[in-house]
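Structure file coords.cif; described as mmCIF, C-alpha atoms.
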data_my_file
#
loop_
_atom_site.label_atom_id
_atom_site.label_comp_id
_atom_site.auth_asym_id
_atom_site.auth_seq_id
_atom_site.Cartn_x
_atom_site.Cartn_y
_atom_site.Cartn_z
CA MET A 963 -28.76 -9.53 -87.26
CA ASP A 964 -30.91 -8.54 -90.18
CA GLU A 965 -31.12 -5.10 -91.70
CA LEU A 966 -34.69 -3.89 -92.21
CA ASP A 967 -36.18 -2.95 -95.58
CA LEU A 968 -38.66 -0.10 -95.99
CA PRO A 969 -41.93 -1.96 -95.16
CA GLN A 970 -40.23 -3.60 -92.13
CA MET A 971 -38.89 -0.24 -90.97
CA LYS A 972 -42.42 1.21 -91.15
CA LYS A 973 -43.69 -1.71 -89.04
CA GLU A 974 -40.85 -1.18 -86.56
CA VAL A 975 -41.80 2.49 -86.15
CA GLU A 976 -45.48 1.54 -85.67
CA SER A 977 -44.47 -1.04 -83.09
CA LEU A 978 -42.30 1.47 -81.21
CA LYS A 979 -45.23 3.91 -81.07
CA TYR A 980 -47.41 1.16 -79.60
CA GLN A 981 -44.67 0.25 -77.10
CA LEU A 982 -44.18 3.90 -76.08
CA ALA A 983 -47.92 4.18 -75.33
CA PHE A 984 -47.74 1.43 -72.67
CA LYS A 985 -48.99 2.64 -69.29
CA ARG A 986 -45.97 2.21 -67.02
CA GLU A 987 -46.59 1.98 -63.29
CA LYS A 988 -44.21 3.37 -60.68
CA SER A 989 -41.47 0.97 -59.53
CA SER A 990 -42.18 1.85 -55.92
CA LYS A 991 -45.55 0.15 -56.38
CA THR A 992 -44.64 -2.69 -58.73
CA VAL A 993 -41.40 -3.76 -57.07
CA THR A 994 -42.94 -3.62 -53.60
CA ASP A 995 -45.84 -5.74 -54.87
CA LEU A 996 -43.42 -8.24 -56.43
CA VAL A 997 -41.32 -8.57 -53.28
CA LYS A 998 -44.46 -9.00 -51.16
CA TRP A 999 -45.87 -11.63 -53.53
CA ILE A 1000 -42.63 -13.62 -53.30
CA GLU A 1001 -42.43 -13.36 -49.52
CA ASP A 1002 -46.05 -14.49 -49.19
CA GLY A 1003 -45.29 -17.54 -51.34
CA VAL A 1004 -42.04 -18.60 -49.65
CA PRO A 1005 -43.73 -20.61 -46.84
CA GLU A 1006 -45.47 -22.72 -49.50
CA ASP A 1007 -42.34 -23.26 -51.61
CA PRO A 1008 -41.25 -26.92 -51.28
CA PHE A 1009 -37.64 -26.08 -52.17
CA LEU A 1010 -37.44 -23.70 -49.21
CA ASN A 1011 -39.37 -25.72 -46.64
CA PRO A 1012 -38.20 -29.27 -45.92
CA GLU A 1013 -41.40 -29.98 -43.94
CA LEU A 1014 -43.41 -29.66 -47.15
CA MET A 1015 -41.29 -32.45 -48.64
CA LYS A 1016 -42.08 -34.91 -45.84
CA SER A 1017 -44.29 -36.93 -48.17
CA ASN A 1018 -42.04 -36.74 -51.20
CA PRO A 1019 -43.47 -38.93 -53.98
CA TRP A 1020 -40.03 -39.22 -55.59
CA VAL A 1021 -38.45 -40.83 -52.52
CA GLU A 1022 -39.20 -44.50 -51.96
CA LYS A 1023 -40.46 -45.11 -48.47
CA GLY A 1024 -39.60 -48.76 -48.05
CA LYS A 1025 -37.50 -51.32 -49.81
CA CYS A 1026 -40.44 -53.01 -51.53
CA ILE A 1027 -43.29 -51.58 -53.57
CA LEU A 1028 -46.66 -53.17 -54.19
CA LEU A 1029 -47.15 -53.76 -57.90
CA MET B 666 -33.38 6.87 -99.50
CA GLY B 667 -34.92 9.93 -97.84
CA GLU B 668 -37.88 8.06 -96.43
CA MET B 669 -35.68 5.32 -94.92
CA GLU B 670 -33.50 7.92 -93.22
CA GLU B 671 -36.56 9.66 -91.78
CA LEU B 672 -37.96 6.39 -90.48
CA ARG B 673 -34.61 5.56 -88.88
CA LYS B 674 -34.58 8.93 -87.13
CA GLU B 675 -38.15 8.43 -85.97
CA ALA B 676 -37.31 4.98 -84.60
CA GLU B 677 -34.31 6.35 -82.68
CA SER B 678 -36.43 9.16 -81.28
CA LEU B 679 -39.14 6.74 -80.15
CA LYS B 680 -36.52 4.52 -78.46
CA ASP B 681 -35.16 7.56 -76.62
CA GLN B 682 -38.68 8.47 -75.50
CA ILE B 683 -39.24 4.94 -74.19
CA THR B 684 -35.95 5.14 -72.25
CA ALA B 685 -37.09 8.46 -70.77
CA ALA B 686 -40.52 7.07 -69.89
CA ARG B 687 -38.85 4.18 -68.08
CA LYS B 688 -36.65 6.57 -66.08
CA THR B 689 -39.69 8.58 -65.03
CA VAL B 690 -41.25 5.60 -63.23
CA GLN B 691 -38.03 4.30 -61.75
CA ASP B 692 -38.38 5.54 -58.17
CA THR B 693 -36.89 2.48 -56.48
CA THR B 694 -34.73 -0.57 -57.17
CA LEU B 695 -35.09 -4.22 -56.26
CA GLN B 696 -32.04 -3.89 -54.01
CA GLU B 697 -33.75 -1.14 -52.02
CA ALA B 698 -37.08 -2.94 -51.81
CA ALA B 699 -35.44 -6.20 -50.69
CA ALA B 700 -32.89 -4.58 -48.35
CA GLY B 701 -34.62 -5.71 -45.17
CA ILE B 702 -35.16 -9.29 -46.30
CA THR B 703 -33.05 -12.11 -44.94
CA ALA B 704 -31.08 -14.03 -47.53
CA VAL B 705 -32.18 -17.58 -48.20
CA GLY B 706 -29.83 -20.15 -46.69
CA ARG B 707 -28.02 -22.80 -48.69
CA VAL B 708 -30.44 -24.76 -50.87
CA GLN B 709 -29.50 -28.38 -51.38
CA LEU B 710 -31.58 -30.46 -53.72
CA LYS B 711 -30.79 -34.12 -54.26
CA THR B 712 -31.19 -36.28 -57.34
CA ARG B 713 -34.19 -38.48 -56.56
CA LYS B 714 -34.59 -40.16 -59.95
CA THR B 715 -32.55 -40.55 -63.11
CA LEU B 716 -34.59 -41.13 -66.26
CA ARG B 717 -32.55 -43.35 -68.54
CA GLY B 718 -33.49 -44.35 -72.05
CA HIS B 719 -32.48 -41.72 -74.53
CA LEU B 720 -29.48 -42.64 -76.68
CA ALA B 721 -28.28 -39.17 -77.60
CA LYS B 722 -28.31 -35.56 -76.42
CA ILE B 723 -31.51 -34.37 -74.80
CA TYR B 724 -32.51 -30.95 -76.11
CA ALA B 725 -35.78 -30.23 -74.37
CA MET B 726 -38.18 -31.31 -71.64
CA HIS B 727 -41.55 -30.08 -70.42
CA TRP B 728 -43.62 -31.06 -67.38
CA GLY B 729 -47.22 -32.13 -67.78
CA ALA B 730 -49.79 -30.21 -65.75
CA ASP B 731 -50.20 -33.11 -63.29
CA SER B 732 -46.64 -32.64 -61.99
CA THR B 733 -45.94 -36.36 -62.52
CA LEU B 734 -45.63 -36.92 -66.26
CA CYS B 735 -43.07 -35.11 -68.38
CA VAL B 736 -41.99 -35.25 -72.01
CA SER B 737 -38.41 -35.12 -73.31
CA ALA B 738 -36.94 -34.80 -76.80
CA SER B 739 -33.60 -36.15 -77.92
CA GLN B 740 -31.62 -36.18 -81.12
CA ASP B 741 -31.85 -39.96 -80.98
CA GLY B 742 -35.10 -39.21 -82.80
CA LYS B 743 -37.45 -39.96 -79.93
CA LEU B 744 -39.99 -38.14 -77.83
CA ILE B 745 -40.43 -39.95 -74.51
CA VAL B 746 -43.28 -39.36 -72.06
CA TRP B 747 -42.09 -40.39 -68.59
CA ASP B 748 -43.80 -41.11 -65.31
CA SER B 749 -41.17 -39.25 -63.30
CA ILE B 750 -42.07 -41.05 -60.06
CA THR B 751 -41.81 -44.64 -61.29
CA THR B 752 -39.34 -43.73 -64.09
CA ASN B 753 -41.51 -45.78 -66.48
CA LYS B 754 -41.72 -44.71 -70.08
CA VAL B 755 -45.41 -44.11 -70.75
CA ASN B 756 -44.85 -43.43 -74.46
CA ALA B 757 -41.77 -43.66 -76.70
CA ILE B 758 -42.62 -41.83 -79.91
CA PRO B 759 -40.33 -42.22 -82.95
CA LEU B 760 -39.92 -38.96 -84.87
CA LYS B 761 -39.71 -38.45 -88.63
CA SER B 762 -36.87 -36.01 -88.12
CA SER B 763 -34.31 -36.70 -85.41
CA TRP B 764 -33.09 -33.08 -85.39
CA VAL B 765 -35.47 -32.06 -82.66
CA MET B 766 -34.86 -28.92 -80.61
CA THR B 767 -38.02 -28.48 -78.57
CA CYS B 768 -40.99 -30.31 -77.10
CA ALA B 769 -44.14 -29.33 -75.25
CA TYR B 770 -46.92 -30.96 -73.22
CA ALA B 771 -50.47 -29.62 -73.67
CA PRO B 772 -52.12 -28.46 -70.41
CA SER B 773 -54.87 -31.05 -70.99
CA GLY B 774 -52.34 -33.89 -71.15
CA ASN B 775 -53.84 -35.06 -74.45
CA LEU B 776 -51.19 -33.77 -76.84
CA VAL B 777 -47.45 -33.31 -77.13
CA ALA B 778 -45.57 -31.34 -79.76
CA CYS B 779 -42.02 -31.13 -81.04
CA GLY B 780 -39.94 -29.64 -83.82
CA GLY B 781 -36.45 -28.61 -84.84
CA LEU B 782 -34.35 -28.43 -87.98
CA ASP B 783 -37.29 -29.71 -90.04
CA ASN B 784 -38.79 -26.19 -89.58
CA MET B 785 -42.09 -27.84 -88.56
CA CYS B 786 -44.06 -28.28 -85.38
CA SER B 787 -45.50 -31.80 -85.20
CA ILE B 788 -48.47 -32.43 -82.93
CA TYR B 789 -49.00 -35.93 -81.50
CA ASN B 790 -52.22 -37.24 -79.97
CA LEU B 791 -51.41 -39.31 -76.87
CA LYS B 792 -55.01 -40.37 -76.35
CA GLY B 793 -55.87 -41.81 -79.76
CA LYS B 794 -58.64 -44.41 -79.95
CA ASP B 795 -56.49 -47.46 -80.67
CA GLY B 796 -53.87 -46.53 -78.14
CA ASN B 797 -51.23 -45.76 -80.76
CA VAL B 798 -49.60 -42.36 -80.68
CA LYS B 799 -49.81 -40.76 -84.12
CA VAL B 800 -48.94 -37.45 -85.72
CA MET B 801 -52.10 -35.39 -85.63
CA ARG B 802 -50.84 -32.29 -87.48
CA GLU B 803 -47.67 -31.03 -89.03
CA LEU B 804 -47.55 -27.24 -88.77
CA ALA B 805 -45.35 -26.08 -91.61
CA ALA B 806 -44.72 -22.47 -92.64
CA HIS B 807 -41.64 -21.36 -90.75
CA THR B 808 -38.62 -20.78 -92.96
CA GLY B 809 -36.19 -21.51 -90.18
CA TYR B 810 -35.69 -24.07 -87.41
CA LEU B 811 -38.27 -24.50 -84.68
CA SER B 812 -36.59 -23.44 -81.43
CA CYS B 813 -39.53 -23.63 -79.03
CA CYS B 814 -43.25 -24.37 -78.88
CA ARG B 815 -45.91 -24.01 -76.17
CA PHE B 816 -49.60 -25.01 -76.19
CA LEU B 817 -52.29 -22.51 -75.27
CA SER B 818 -54.88 -25.30 -75.42
CA ASP B 819 -55.58 -28.43 -77.50
CA THR B 820 -56.50 -26.15 -80.41
CA GLU B 821 -53.79 -23.48 -80.33
CA ILE B 822 -50.02 -23.55 -80.09
CA ILE B 823 -47.32 -20.85 -80.29
CA THR B 824 -43.96 -21.52 -81.94
CA SER B 825 -40.70 -19.58 -82.12
CA SER B 826 -38.26 -19.96 -84.99
CA GLY B 827 -34.82 -19.29 -86.38
CA ASP B 828 -36.65 -17.30 -89.08
CA CYS B 829 -36.98 -14.50 -86.45
CA THR B 830 -40.74 -14.85 -86.05
CA CYS B 831 -43.16 -16.47 -83.64
CA VAL B 832 -46.47 -17.89 -84.85
CA LEU B 833 -49.84 -18.65 -83.27
CA TRP B 834 -51.33 -21.71 -84.98
CA ASP B 835 -54.81 -23.16 -85.26
CA ILE B 836 -54.08 -26.85 -84.72
CA GLU B 837 -57.39 -28.08 -86.20
CA THR B 838 -56.81 -26.46 -89.58
CA GLY B 839 -53.02 -26.52 -89.38
CA THR B 840 -52.84 -22.86 -90.38
CA GLU B 841 -51.11 -19.74 -89.07
CA LYS B 842 -53.51 -17.48 -87.15
CA THR B 843 -51.02 -14.74 -86.31
CA ILE B 844 -47.40 -14.04 -87.18
CA PHE B 845 -45.43 -12.08 -84.59
CA ALA B 846 -42.59 -10.36 -86.42
CA GLY B 847 -40.18 -7.80 -85.01
CA HIS B 848 -37.14 -9.59 -83.69
CA LEU B 849 -33.95 -8.94 -85.65
CA GLY B 850 -32.39 -12.29 -84.87
CA ASP B 851 -33.32 -15.97 -84.44
CA CYS B 852 -36.04 -16.46 -81.84
CA MET B 853 -34.62 -18.99 -79.41
CA SER B 854 -37.22 -19.42 -76.70
CA LEU B 855 -40.75 -18.52 -75.68
CA ALA B 856 -42.97 -18.71 -72.61
CA VAL B 857 -46.72 -18.17 -72.15
CA SER B 858 -48.11 -16.02 -69.32
CA PRO B 859 -50.04 -17.79 -66.53
CA ASP B 860 -53.29 -16.16 -67.79
CA PHE B 861 -52.58 -17.23 -71.41
CA LYS B 862 -53.04 -13.65 -72.68
CA PHE B 863 -49.39 -12.89 -73.40
CA PHE B 864 -46.21 -14.63 -74.38
CA ILE B 865 -42.58 -13.59 -74.28
CA SER B 866 -39.83 -14.43 -76.76
CA GLY B 867 -36.05 -14.28 -76.35
CA ALA B 868 -33.88 -13.89 -79.43
CA CYS B 869 -30.39 -13.64 -80.91
CA ASP B 870 -30.88 -9.88 -81.25
CA PHE B 871 -30.20 -9.81 -77.46
CA THR B 872 -33.78 -8.66 -76.69
CA ALA B 873 -36.88 -10.16 -75.12
CA LYS B 874 -40.30 -9.11 -76.42
CA LEU B 875 -43.67 -9.31 -74.68
CA TRP B 876 -46.50 -9.99 -77.15
CA ASP B 877 -50.24 -9.48 -76.66
CA ILE B 878 -51.62 -12.64 -78.25
CA ARG B 879 -55.05 -11.29 -79.31
CA GLU B 880 -53.91 -7.76 -80.20
CA ALA B 881 -51.08 -9.38 -82.19
CA GLN B 882 -48.71 -6.63 -81.07
CA CYS B 883 -45.37 -6.39 -79.34
CA ARG B 884 -46.23 -4.50 -76.15
CA GLN B 885 -42.77 -4.23 -74.64
CA THR B 886 -39.14 -4.87 -75.65
CA PHE B 887 -36.45 -5.54 -73.05
CA SER B 888 -32.76 -4.96 -73.78
CA GLY B 889 -29.68 -5.24 -71.61
CA HIS B 890 -28.19 -8.59 -72.51
CA GLU B 891 -24.91 -8.56 -74.37
CA SER B 892 -25.49 -11.75 -76.30
CA ASP B 893 -28.14 -14.21 -77.51
CA ILE B 894 -31.00 -14.91 -75.15
CA ASN B 895 -31.35 -18.70 -75.01
CA ALA B 896 -33.92 -19.11 -72.29
CA ILE B 897 -36.91 -17.18 -71.09
CA GLY B 898 -39.62 -17.66 -68.49
CA PHE B 899 -42.48 -15.87 -66.79
CA PHE B 900 -42.31 -15.20 -63.12
CA PRO B 901 -45.03 -17.31 -61.47
CA ASN B 902 -47.38 -14.33 -60.95
CA GLY B 903 -47.04 -13.20 -64.57
CA ASN B 904 -45.70 -9.74 -63.63
CA ALA B 905 -42.03 -10.31 -64.35
CA VAL B 906 -39.87 -12.01 -66.94
CA ILE B 907 -36.60 -13.88 -66.48
CA THR B 908 -34.09 -14.33 -69.29
CA GLY B 909 -30.90 -16.40 -69.62
CA SER B 910 -28.19 -15.54 -72.11
CA ASP B 911 -24.91 -16.53 -73.75
CA ASP B 912 -23.48 -13.52 -71.89
CA ALA B 913 -23.46 -15.81 -68.80
CA THR B 914 -26.12 -13.83 -66.96
CA CYS B 915 -29.79 -14.09 -66.15
CA LYS B 916 -31.89 -10.94 -65.90
CA LEU B 917 -35.18 -10.10 -64.20
CA TYR B 918 -37.49 -7.60 -65.91
CA ASP B 919 -40.53 -5.93 -64.31
CA LEU B 920 -43.44 -5.93 -66.77
CA ARG B 921 -45.61 -3.35 -64.99
CA ALA B 922 -42.89 -0.70 -64.67
CA ASP B 923 -41.21 -1.78 -67.92
CA GLN B 924 -37.77 -1.99 -66.25
CA GLU B 925 -34.79 -4.24 -65.89
CA LEU B 926 -34.72 -5.10 -62.17
CA ASN B 927 -31.73 -7.34 -61.62
CA THR B 928 -28.86 -9.29 -63.12
CA TYR B 929 -27.78 -12.66 -61.76
CA GLN B 930 -24.08 -13.11 -62.45
CA ASP B 931 -20.82 -14.15 -60.88
CA SER B 932 -17.30 -13.50 -62.11
CA SER B 933 -16.59 -17.21 -61.85
CA ILE B 934 -19.35 -18.03 -64.32
CA MET B 935 -18.19 -17.49 -67.86
CA CYS B 936 -20.36 -19.81 -69.87
CA GLY B 937 -23.79 -19.36 -71.39
CA VAL B 938 -27.14 -19.97 -69.74
CA THR B 939 -29.07 -22.63 -71.63
CA SER B 940 -32.28 -22.93 -69.65
CA LEU B 941 -34.08 -21.58 -66.61
CA ALA B 942 -37.06 -22.08 -64.34
CA PRO B 943 -38.27 -20.20 -61.25
CA SER B 944 -39.37 -22.07 -58.13
CA VAL B 945 -43.08 -21.89 -57.36
CA SER B 946 -42.77 -18.81 -55.09
CA GLY B 947 -40.34 -17.11 -57.44
CA ARG B 948 -37.81 -16.73 -54.64
CA LEU B 949 -35.41 -19.13 -56.35
CA LEU B 950 -34.20 -19.10 -59.93
CA LEU B 951 -32.77 -22.37 -61.23
CA ALA B 952 -30.61 -21.89 -64.32
CA GLY B 953 -28.78 -24.47 -66.44
CA TYR B 954 -25.38 -23.59 -67.87
CA ASP B 955 -22.97 -24.84 -70.53
CA ASP B 956 -20.55 -25.93 -67.77
CA PHE B 957 -22.79 -28.92 -66.91
CA ASN B 958 -24.23 -27.33 -63.75
CA VAL B 959 -27.44 -25.74 -62.59
CA ASN B 960 -27.00 -22.69 -60.37
CA ILE B 961 -29.72 -21.75 -57.91
CA TRP B 962 -30.09 -17.99 -57.33
CA ASP B 963 -31.92 -16.08 -54.60
CA THR B 964 -33.95 -13.77 -56.86
CA LEU B 965 -34.28 -11.04 -54.22
CA LYS B 966 -30.69 -10.96 -52.93
CA SER B 967 -28.91 -11.92 -56.17
CA GLU B 968 -26.76 -14.51 -54.45
CA ARG B 969 -26.02 -18.00 -55.65
CA VAL B 970 -27.48 -20.27 -52.97
CA GLY B 971 -27.04 -23.69 -54.47
CA VAL B 972 -25.70 -25.84 -57.28
CA LEU B 973 -27.12 -28.97 -58.88
CA ALA B 974 -24.12 -30.92 -60.05
CA GLY B 975 -24.67 -34.34 -61.48
CA HIS B 976 -24.73 -34.21 -65.23
CA ASP B 977 -21.71 -35.17 -67.33
CA ASN B 978 -22.47 -32.73 -70.10
CA ARG B 979 -24.31 -29.47 -70.81
CA VAL B 980 -27.66 -29.01 -69.04
CA SER B 981 -29.90 -28.18 -72.00
CA CYS B 982 -33.29 -27.92 -70.35
CA ILE B 983 -34.86 -27.50 -66.94
CA GLY B 984 -38.37 -27.34 -65.57
CA VAL B 985 -40.07 -27.02 -62.21
CA SER B 986 -43.34 -28.95 -61.83
CA SER B 987 -46.44 -26.76 -61.42
CA ASP B 988 -46.91 -27.84 -57.78
CA GLY B 989 -43.32 -26.74 -57.14
CA MET B 990 -42.35 -30.12 -55.70
CA ALA B 991 -39.72 -31.19 -58.20
CA CYS B 992 -37.20 -29.88 -60.68
CA CYS B 993 -36.29 -31.86 -63.79
CA THR B 994 -33.05 -31.32 -65.70
CA GLY B 995 -32.20 -32.72 -69.12
CA SER B 996 -28.70 -32.96 -70.49
CA TRP B 997 -26.53 -33.68 -73.49
CA ASP B 998 -25.37 -36.66 -71.41
CA SER B 999 -28.70 -38.28 -72.46
CA PHE B 1000 -30.19 -38.40 -68.95
CA LEU B 1001 -32.94 -36.55 -67.17
CA LYS B 1002 -32.73 -36.08 -63.44
CA ILE B 1003 -35.45 -35.27 -60.95
CA TRP B 1004 -34.31 -33.15 -57.99
CA ASN B 1005 -35.93 -31.95 -54.80
#
Please re-express this file's structure in structure tokens.
Amino acid sequence: MDELDLPQMKKEVESLKYQLAFKREKSSKTVTDLVKWIEDGVPEDPFLNPELMKSNPWVEKGKCILL
Amino acid sequence: MGEMEELRKEAESLKDQITAARKTVQDTTLQEAAAGITAVGRVQLKTRKTLRGHLAKIYAMHWGADSTLCVSASQDGKLIVWDSITTNKVNAIPLKSSWVMTCAYAPSGNLVACGGLDNMCSIYNLKGKDGNVKVMRELAAHTGYLSCCRFLSDTEIITSSGDCTCVLWDIETGTEKTIFAGHLGDCMSLAVSPDFKFFISGACDFTAKLWDIREAQCRQTFSGHESDINAIGFFPNGNAVITGSDDATCKLYDLRADQELNTYQDSSIMCGVTSLAPSVSGRLLLAGYDDFNVNIWDTLKSERVGVLAGHDNRVSCIGVSSDGMACCTGSWDSFLKIWN
């Protein structure tokens, strides 16, 4: 990893100030929202619902295809 | 000397304040929030297609927005655009430099890009008038290898480089619009947020950084990994970030609370993560490893729920189509496989 020179160190400090100022939300809200978003999406996730893959374009239906 | 020492102290103090600010908002964990949720059962995906044609290691692949076409890059010096359903090669583009490390498909489907040890990002127009695919632009300014690139549109692309920076380019003029500097090690991977306002970069300084594209600032830095971050991705809703590292783990970071939420690891896995992609709901995390396999993780319960075994060498790249119907893996064994 690189060592910083003076101008880079100044930029790093400026960046850290900007990062500190970020408005963090409470985990109890954000994590609950995330878990809910995932759960809401699970029924539409093809990898978790075989019925959604009934018409799977990557599986050939018959032996012959029309060119 | 004095000024440097003062700046160092200030930086350390700011980092401590950020750590404290993160603790203040940490009033729950993912484990607690997901405690009542049933674990996902065994996930078994089958190889539906094998895309054959490359003659050397495949280093990168990217799905087109239509969930049918995809582009792959190999050190045989070719970029191939595939119809993943018919396995036909739509385009086979010879590259000036065979040392390619990344490729990308523009959301419009009109352009593809690639780059690598030539330190450049080359843009190709797939829809040229005479039907020939030609280099449209060569974006040159990085002083290190091109590790990753992603289009924002047909006129803007973001690149990450071994020179420790990421750059936003104006494709028309071929010039750098913004340089995102701050990482202390090679930038290995990048991903753009679903709303195109942010991007994240993973680097060899073991951190991931979230960048505000228009403000040109690093908004958040995520630590925790104990080695190079090779792969990075946005959670489908844009509110979380997933990273994959040489430390053999994947991590989930919450952007809104600025916290590390989870680590996906197993004592039996001792090799690096090369690539990753979430499923469309975000419930599954598919990650490619150096041991030739892809492990499928339940993101909420942290359990491994499946394995995609089928490649005869390292899985170097992975992608889930935007409709969530298929996963594509690319390998050093020169093949791409489509799974669902």
- Query: Quick one: which residues from chain B are at most 7 Å off chain A, using all atoms listed in the file, as number ranges by chain?
  - Reply: B: 669, 672, 675-676, 679, 683, 690-693, 695, 698-699, 713, 750, 847, 849-850, 870, 883-885, 921-923, 945-948, 989-990, 1005
- Query: Please, what distance in Å, to one decimal, runs between CA of Ser967 (chain B) and CA of Val705 (chain B)?
  - Reply: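 Going from CA of Ser967 (chain B) over to CA of Val705 (chain B) covers 10.3 Å.
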- Between CA of Glu841 (chain B) and CA of Val746 (chain B), distance in Å (one decimal): 27.1 Å
Which centre and edge lengths in Å to one decimal define the box along x, y and z that fits every listed atom of region 975-991 of chain A plus 6 Å per side, as JSON?
{"center_x": -45.2, "center_y": 1.6, "center_z": -71.0, "size_x": 19.5, "size_y": 17.2, "size_z": 42.2}
- Could you please determine the separation between CA of Trp1004 (chain B) and CA of Gly971 (chain B) in Å, to one decimal place?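 Between CA of Trp1004 (chain B) and CA of Gly971 (chain B) the gap works out to 12.4 Å.
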Shell of 6 Å around Gly995 (chain B), only C-alpha atoms, local chain residues under 4 positions omitted, as a tab-separated table (two decimals) with C-alpha atoms, in the coordinates of the input:
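part28.tsv was written with the following content:
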chain	number	residue	atom	x	y	z
B	723	ILE	CA	-31.51	-34.37	-74.80
B	980	VAL	CA	-27.66	-29.01	-69.04
B	981	SER	CA	-29.90	-28.18	-72.00
B	982	CYS	CA	-33.29	-27.92	-70.35
B	1001	LEU	CA	-32.94	-36.55	-67.17
- Message: Selection in question (the file shown): the PyMOL selection byres ((chain B and resi 736) around 6). Which residues does it include, as a ChimeraX atom specification?
- Response: /B:726-727,735,737,745-746
- Message: With only C-alpha atoms as the counted atoms, please give the residues lying no more than 7 Å from Thr914 (chain B), apart from itself and same-chain residues fewer than 2 positions off, as a list of chain:residue names.
- Response: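 Within the cut-off, the hits are B:Gly909, B:Ser910, B:Asp912, B:Lys916, B:Thr928, B:Tyr929, B:Gln930, B:Val938.
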- Determine, counting all atoms listed in the file, which protein, DNA and RNA residues have an atom within 9 Å of an atom of Val832 (chain B); residues of the same chain fewer than 3 positions away are not included. Present the result as a ChimeraX atom specification. /B:807,822-826,841-846
- Query: For the file shown, what are the residues hit by the PyMOL selection byres ((chain B and resi 987) around 9), laid out as JSON, numbers by chain?
  - Reply: {"B": [728, 729, 730, 731, 732, 945, 985, 986, 988, 989, 990, 991]}
- Item | Residues matched by the PyMOL selection byres ((chain B and resi 782) around 9), written as an MDAnalysis selection string | chainID B and resid 762:766 780:781 783:785 809:812
- If we count all atoms listed in the file, what is near Thr838 (chain B) at a cut-off of 12 Å, once residues fewer than 6 positions away on the same chain are taken out, given as a PyMOL selection string? chain B and resi 801-805+820-821
- Near Arg969 (chain B), counting all atoms listed in the file, which residues have an atom at most 10 Å away, once you skip same-chain residues fewer than 2 positions from it, shown as a list in words? Val705, Gly706, Arg707, Val708, Tyr929, Gln930, Asp931, Leu949, Leu950, Leu951, Asn960, Ile961, Trp962, Asp963, Thr964, Lys966, Ser967, Gly971 and Val972 of chain B
Atoms to include: C-alpha atoms. Write the selected residues as a compact mmCIF listing (two decimals), in the coordinates of the input.
# COMPACT_ATOMS: atom_id res chain seq x y z
CA VAL B 705 -32.18 -17.58 -48.20
CA GLY B 706 -29.83 -20.15 -46.69
CA ARG B 707 -28.02 -22.80 -48.69
CA VAL B 708 -30.44 -24.76 -50.87
CA TYR B 929 -27.78 -12.66 -61.76
CA GLN B 930 -24.08 -13.11 -62.45
CA ASP B 931 -20.82 -14.15 -60.88
CA LEU B 949 -35.41 -19.13 -56.35
CA LEU B 950 -34.20 -19.10 -59.93
CA LEU B 951 -32.77 -22.37 -61.23
CA ASN B 960 -27.00 -22.69 -60.37
CA ILE B 961 -29.72 -21.75 -57.91
CA TRP B 962 -30.09 -17.99 -57.33
CA ASP B 963 -31.92 -16.08 -54.60
CA THR B 964 -33.95 -13.77 -56.86
CA LYS B 966 -30.69 -10.96 -52.93
CA SER B 967 -28.91 -11.92 -56.17
CA GLY B 971 -27.04 -23.69 -54.47
CA VAL B 972 -25.70 -25.84 -57.28
- Between B:Thr715, B:Asn790, B:Thr767, B:Asn797, which has the minimum distance to Ser854 (chain B) (counting all atoms listed in the file)?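 Smallest separation from Ser854 (chain B) among the options: B:Thr767.
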